[in-house]
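J.: This is the structure, below, for whatever I ask next.
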Amino acid sequence: MKIATFNVNSLRKRLPIVMEWLDRQKPDVLCLQETKVQDSEFPLLALTPSGYEITYRGMKSYNGVAILSRKKPEAVFYGFDDGGEPEDARLLRVVIDGIPIVNTYVPQGFEIDSPKYAYKLGWYERLRKYFEKHLLPDAPAIWCGDMNVAPRPMDVHSPDKHLNHVCYHVDARKAYEKTLAWGFQDVFVKLYPTKQQYTFWDYRAPSSLEANKGWRIDHILSTKPLADRCVRADVDVEPRRAKDPSDHTFLWAEFSV
């Protein structure tokens, strides 16, 4: 099973990139974040030639998640179900071949002293409780998406300069690590613990890609039964070099199931 994740940063703008990548890489599942399109305007017709089943939930101009899969999901769940803000344009879970796959677009947080950052930390707390409620750490499960956290110093360029960045601040990293500790493993790190590889390069620094000044904030994680069977993982940098690219690129992993 080949699983991929990509913050598309506006699906309608990046359709050619998505379609080309699907045709070339042929994943079994592709999780998209930040689709930025409300459901009534989702480009279903344009995606139909891909042959993938499409599950989505979005809103106008912001957020939005989608899962493209070769097989029709056996079950689909949107958002949190804890009585709070559902965040169904940020959280999508499907079941394929009996395996739960959770796609998240975690809030970025804006600034350390803003309510949005506190909301981000709380979001991770809610997500851990969501896992406790719906998944089992000793059963196969996958969690992927844009986590908006670079977990280690090697996962961000110039880490000393970013100690107060909302995607690298110690509290964000602790919140992420606590959520992982429920029972998930980072399969890229498991396979390549010393390899530095980013998934995001900021638009605001035009030379960031060439200088490789990036962040690893997109992740594929799995519970131990699948992590032990992850045979490959990689980041495809080429889509970041395409015409009108997203500021992120594709991360994928293969599991021997």
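Letters A, B, ... mark the chains of the structure tokens in the order given; residue numbers begin at 1 per chain; ligand numbers begin at 1, in order shown.
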Could you give me the residues within region 85-225 of chain A that DSSP places in strand (DSSP E or B), as a PyMOL selection string?

T.: chain A and resi 91-96+99-105+142-146+156+184-186+200+215+218-223

J.: Kindly export the residues of the current selection with N, CA and C atoms, as a compact mmCIF listing (two decimals), in the first residue's frame.

T.:
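Contents of part17.txt, as written:
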# COMPACT_ATOMS: atom_id res chain seq x y z
N LEU A 91 -10.03 17.75 9.45
CA LEU A 91 -9.86 16.38 9.95
C LEU A 91 -10.80 15.43 9.19
N LEU A 92 -10.21 14.43 8.56
CA LEU A 92 -10.98 13.47 7.77
C LEU A 92 -10.40 12.08 8.01
N ARG A 93 -11.27 11.12 8.33
CA ARG A 93 -10.83 9.74 8.55
C ARG A 93 -11.61 8.80 7.65
N VAL A 94 -10.90 7.93 6.95
CA VAL A 94 -11.54 6.91 6.15
C VAL A 94 -11.00 5.55 6.58
N VAL A 95 -11.71 4.51 6.21
CA VAL A 95 -11.25 3.14 6.44
C VAL A 95 -11.14 2.47 5.09
N ILE A 96 -9.95 1.97 4.76
CA ILE A 96 -9.69 1.29 3.48
C ILE A 96 -8.98 -0.03 3.77
N ILE A 99 -8.12 -0.57 7.29
CA ILE A 99 -7.11 0.28 7.92
C ILE A 99 -7.63 1.72 8.04
N PRO A 100 -7.75 2.26 9.25
CA PRO A 100 -8.13 3.66 9.40
C PRO A 100 -7.00 4.57 8.90
N ILE A 101 -7.36 5.57 8.11
CA ILE A 101 -6.40 6.56 7.62
C ILE A 101 -6.93 7.93 8.01
N VAL A 102 -6.16 8.65 8.82
CA VAL A 102 -6.55 9.96 9.33
C VAL A 102 -5.74 11.03 8.60
N ASN A 103 -6.44 11.97 8.00
CA ASN A 103 -5.83 13.08 7.27
C ASN A 103 -6.09 14.37 8.04
N THR A 104 -5.02 15.07 8.45
CA THR A 104 -5.20 16.29 9.23
C THR A 104 -4.47 17.48 8.62
N TYR A 105 -5.12 18.62 8.71
CA TYR A 105 -4.46 19.90 8.44
C TYR A 105 -4.49 20.67 9.76
N ILE A 142 -3.07 4.68 10.16
CA ILE A 142 -2.16 5.66 9.56
C ILE A 142 -2.70 7.06 9.84
N TRP A 143 -1.78 7.95 10.16
CA TRP A 143 -2.11 9.36 10.37
C TRP A 143 -1.14 10.17 9.53
N CYS A 144 -1.66 11.04 8.68
CA CYS A 144 -0.77 11.84 7.85
C CYS A 144 -1.35 13.22 7.60
N GLY A 145 -0.50 14.10 7.09
CA GLY A 145 -0.97 15.43 6.76
C GLY A 145 0.06 16.50 7.04
N ASP A 146 -0.41 17.74 6.98
CA ASP A 146 0.40 18.90 7.33
C ASP A 146 0.21 19.13 8.82
N VAL A 156 14.27 21.75 10.47
CA VAL A 156 14.06 23.15 10.07
C VAL A 156 15.43 23.78 9.84
N PHE A 184 1.81 6.31 17.70
CA PHE A 184 2.23 6.50 16.31
C PHE A 184 3.74 6.63 16.19
N GLN A 185 4.26 6.19 15.06
CA GLN A 185 5.67 6.33 14.74
C GLN A 185 5.83 7.05 13.40
N ASP A 186 6.82 7.90 13.31
CA ASP A 186 7.13 8.62 12.08
C ASP A 186 7.90 7.66 11.18
N PHE A 200 8.60 21.54 2.83
CA PHE A 200 8.02 22.88 2.65
C PHE A 200 9.14 23.90 2.50
N TRP A 215 11.46 23.32 5.71
CA TRP A 215 10.91 22.76 6.94
C TRP A 215 10.37 21.36 6.62
N ASP A 218 5.35 18.13 7.09
CA ASP A 218 4.37 17.16 6.58
C ASP A 218 4.87 15.77 6.96
N HIS A 219 3.99 14.96 7.52
CA HIS A 219 4.44 13.68 8.07
C HIS A 219 3.46 12.55 7.75
N ILE A 220 4.03 11.35 7.66
CA ILE A 220 3.24 10.13 7.59
C ILE A 220 3.62 9.29 8.80
N LEU A 221 2.62 8.94 9.59
CA LEU A 221 2.85 8.19 10.82
C LEU A 221 1.95 6.95 10.82
N SER A 222 2.39 5.94 11.51
CA SER A 222 1.56 4.74 11.60
C SER A 222 1.75 4.08 12.96
N THR A 223 0.81 3.26 13.33
CA THR A 223 0.96 2.46 14.53
C THR A 223 2.01 1.37 14.26

J.: For Gly58 (chain A), please output as a list in words all residues within 10 Å (counting only C-alpha atoms; exclusion window: fewer than 4 positions along the same chain).

T.: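 The residues that qualify are Gln33, Glu34, Thr35, Lys36, Val37, Gln38, Asp39, Ser40, Glu41, Phe42, Tyr62, Asn63, Gly64, Val65, Ala66, Glu87, Asp88, Ala89 and Arg90 of chain A.
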
J.: Would you write out those residues with N, CA and C atoms, as a CSV table (one decimal), in the first residue's frame?

T.:
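Wrote again.csv, looks like this:
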chain,number,residue,atom,x,y,z
A,33,GLN,N,-4.3,18.4,1.8
A,33,GLN,CA,-4.7,19.4,2.8
A,33,GLN,C,-4.7,20.8,2.1
A,34,GLU,N,-5.4,21.7,2.8
A,34,GLU,CA,-5.6,23.1,2.3
A,34,GLU,C,-6.1,23.2,0.9
A,35,THR,N,-7.2,22.5,0.6
A,35,THR,CA,-7.8,22.5,-0.7
A,35,THR,C,-8.4,23.8,-1.1
A,36,LYS,N,-8.8,24.6,-0.1
A,36,LYS,CA,-9.4,25.9,-0.2
A,36,LYS,C,-10.5,26.0,-1.2
A,37,VAL,N,-11.4,25.0,-1.1
A,37,VAL,CA,-12.6,25.1,-2.0
A,37,VAL,C,-13.8,24.5,-1.2
A,38,GLN,N,-14.9,25.2,-1.3
A,38,GLN,CA,-16.1,24.7,-0.6
A,38,GLN,C,-16.7,23.5,-1.4
A,39,ASP,N,-17.4,22.6,-0.8
A,39,ASP,CA,-17.9,21.4,-1.4
A,39,ASP,C,-18.6,21.6,-2.7
A,40,SER,N,-19.5,22.6,-2.7
A,40,SER,CA,-20.3,22.8,-3.9
A,40,SER,C,-19.4,23.2,-5.2
A,41,GLU,N,-18.2,23.6,-4.9
A,41,GLU,CA,-17.3,23.9,-6.1
A,41,GLU,C,-16.1,23.0,-6.2
A,42,PHE,N,-16.1,21.9,-5.5
A,42,PHE,CA,-15.0,21.0,-5.5
A,42,PHE,C,-14.9,20.4,-7.0
A,62,TYR,N,-10.2,28.8,2.6
A,62,TYR,CA,-9.4,28.3,3.7
A,62,TYR,C,-9.5,26.8,3.9
A,63,ASN,N,-8.5,26.2,4.5
A,63,ASN,CA,-8.5,24.9,5.0
A,63,ASN,C,-9.0,23.9,3.9
A,64,GLY,N,-9.7,22.8,4.3
A,64,GLY,CA,-10.1,21.8,3.3
A,64,GLY,C,-9.2,20.6,3.3
A,65,VAL,N,-9.8,19.4,3.4
A,65,VAL,CA,-9.1,18.2,3.3
A,65,VAL,C,-9.8,17.3,2.3
A,66,ALA,N,-9.0,16.4,1.7
A,66,ALA,CA,-9.6,15.4,0.7
A,66,ALA,C,-8.7,14.2,0.7
A,87,GLU,N,-14.4,21.1,13.2
A,87,GLU,CA,-13.2,21.2,12.4
A,87,GLU,C,-13.2,20.2,11.3
A,88,ASP,N,-14.3,20.0,10.6
A,88,ASP,CA,-14.4,19.0,9.6
A,88,ASP,C,-13.8,19.3,8.3
A,89,ALA,N,-13.3,20.6,8.2
A,89,ALA,CA,-12.5,20.9,7.0
A,89,ALA,C,-11.0,20.8,7.3
A,90,ARG,N,-10.7,20.2,8.5
A,90,ARG,CA,-9.3,20.0,8.9
A,90,ARG,C,-9.0,18.5,9.3

J.: For a quick check of understanding, using only C-alpha atoms, which of A:Ala205, A:Leu121, A:Ile217, A:Met1 has the smallest distance to Asp155 (chain A)?

T.: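 Closest to Asp155 (chain A) of all the choices is A:Ile217.
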
J.: Kindly give the distance, in Å, that separates CA of Ala227 (chain A) and CA of Glu177 (chain A), rounded to a single decimal.

T.: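 CA of Ala227 (chain A) sits 16.6 Å away from CA of Glu177 (chain A).
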
J.: For each of A:Arg24, A:Arg70, A:Arg240, A:Arg12, take the minimum atom-to-atom distance to Ser208 (chain A), counting only C-alpha atoms, then give the residue where this is smallest.

T.: A:Arg240

J.: Residues of region 166-254 of chain A in alpha helix (DSSP H) according to DSSP, as number ranges by chain?

T.: A: 170-180, 187-191, 224-227

J.: Would you output that residue set with N, CA, C and O atoms, as a short mmCIF file (atom, residue, chain, number, x, y, z; two decimals), in the first residue's frame?

T.:
data_model
loop_
_atom_site.label_atom_id
_atom_site.label_comp_id
_atom_site.auth_asym_id
_atom_site.auth_seq_id
_atom_site.Cartn_x
_atom_site.Cartn_y
_atom_site.Cartn_z
N VAL A 170 8.92 25.22 21.45
CA VAL A 170 9.00 24.03 22.28
C VAL A 170 7.63 23.49 22.66
O VAL A 170 7.41 22.27 22.71
N ASP A 171 6.67 24.35 22.91
CA ASP A 171 5.34 23.88 23.30
C ASP A 171 4.62 23.17 22.16
O ASP A 171 3.89 22.19 22.38
N ALA A 172 4.84 23.65 20.93
CA ALA A 172 4.24 22.99 19.76
C ALA A 172 4.85 21.61 19.57
O ALA A 172 4.15 20.62 19.31
N ARG A 173 6.16 21.53 19.74
CA ARG A 173 6.83 20.24 19.57
C ARG A 173 6.40 19.25 20.65
O ARG A 173 6.19 18.07 20.39
N LYS A 174 6.25 19.76 21.88
CA LYS A 174 5.80 18.88 22.97
C LYS A 174 4.38 18.39 22.73
O LYS A 174 4.05 17.23 22.99
N ALA A 175 3.51 19.27 22.23
CA ALA A 175 2.13 18.89 21.96
C ALA A 175 2.08 17.80 20.88
O ALA A 175 1.31 16.83 20.98
N TYR A 176 2.90 17.98 19.86
CA TYR A 176 2.97 16.99 18.78
C TYR A 176 3.51 15.65 19.30
O TYR A 176 2.94 14.59 19.03
N GLU A 177 4.60 15.72 20.07
CA GLU A 177 5.22 14.51 20.60
C GLU A 177 4.26 13.75 21.52
O GLU A 177 4.21 12.52 21.52
N LYS A 178 3.48 14.49 22.31
CA LYS A 178 2.52 13.85 23.21
C LYS A 178 1.44 13.12 22.41
O LYS A 178 1.00 12.04 22.79
N THR A 179 1.04 13.70 21.31
CA THR A 179 0.03 13.07 20.46
C THR A 179 0.61 11.81 19.81
O THR A 179 -0.05 10.76 19.76
N LEU A 180 1.84 11.90 19.34
CA LEU A 180 2.50 10.72 18.77
C LEU A 180 2.63 9.61 19.79
O LEU A 180 2.50 8.42 19.45
N VAL A 187 7.29 7.22 10.09
CA VAL A 187 7.92 6.17 9.29
C VAL A 187 9.14 6.66 8.53
O VAL A 187 10.08 5.89 8.28
N PHE A 188 9.16 7.94 8.15
CA PHE A 188 10.34 8.48 7.47
C PHE A 188 11.54 8.46 8.42
O PHE A 188 12.63 8.03 8.05
N VAL A 189 11.32 8.90 9.64
CA VAL A 189 12.40 8.91 10.64
C VAL A 189 12.82 7.49 11.00
O VAL A 189 14.00 7.20 11.20
N LYS A 190 11.85 6.59 11.06
CA LYS A 190 12.16 5.19 11.39
C LYS A 190 13.10 4.59 10.35
O LYS A 190 14.05 3.89 10.69
N LEU A 191 12.86 4.89 9.08
CA LEU A 191 13.68 4.34 8.01
C LEU A 191 14.99 5.10 7.83
O LEU A 191 16.03 4.50 7.54
N LYS A 224 2.50 0.76 15.32
CA LYS A 224 3.62 -0.18 15.21
C LYS A 224 3.38 -1.32 14.21
O LYS A 224 4.30 -1.67 13.45
N PRO A 225 2.19 -1.92 14.18
CA PRO A 225 2.02 -3.02 13.23
C PRO A 225 2.31 -2.63 11.78
O PRO A 225 2.82 -3.45 11.01
N LEU A 226 2.02 -1.38 11.41
CA LEU A 226 2.33 -0.93 10.06
C LEU A 226 3.73 -0.33 9.97
O LEU A 226 4.40 -0.47 8.94
N ALA A 227 4.17 0.36 11.00
CA ALA A 227 5.51 0.95 10.98
C ALA A 227 6.56 -0.13 10.75
O ALA A 227 7.55 0.09 10.03
#

J.: If we count only C-alpha atoms, what is near region 109-118 of chain A at a cut-off of 10 Å, once residues fewer than 4 positions away on the same chain are taken out, given as an MDAnalysis selection string?

T.: chainID A and resid 122:123 148 164:167 169 171:172
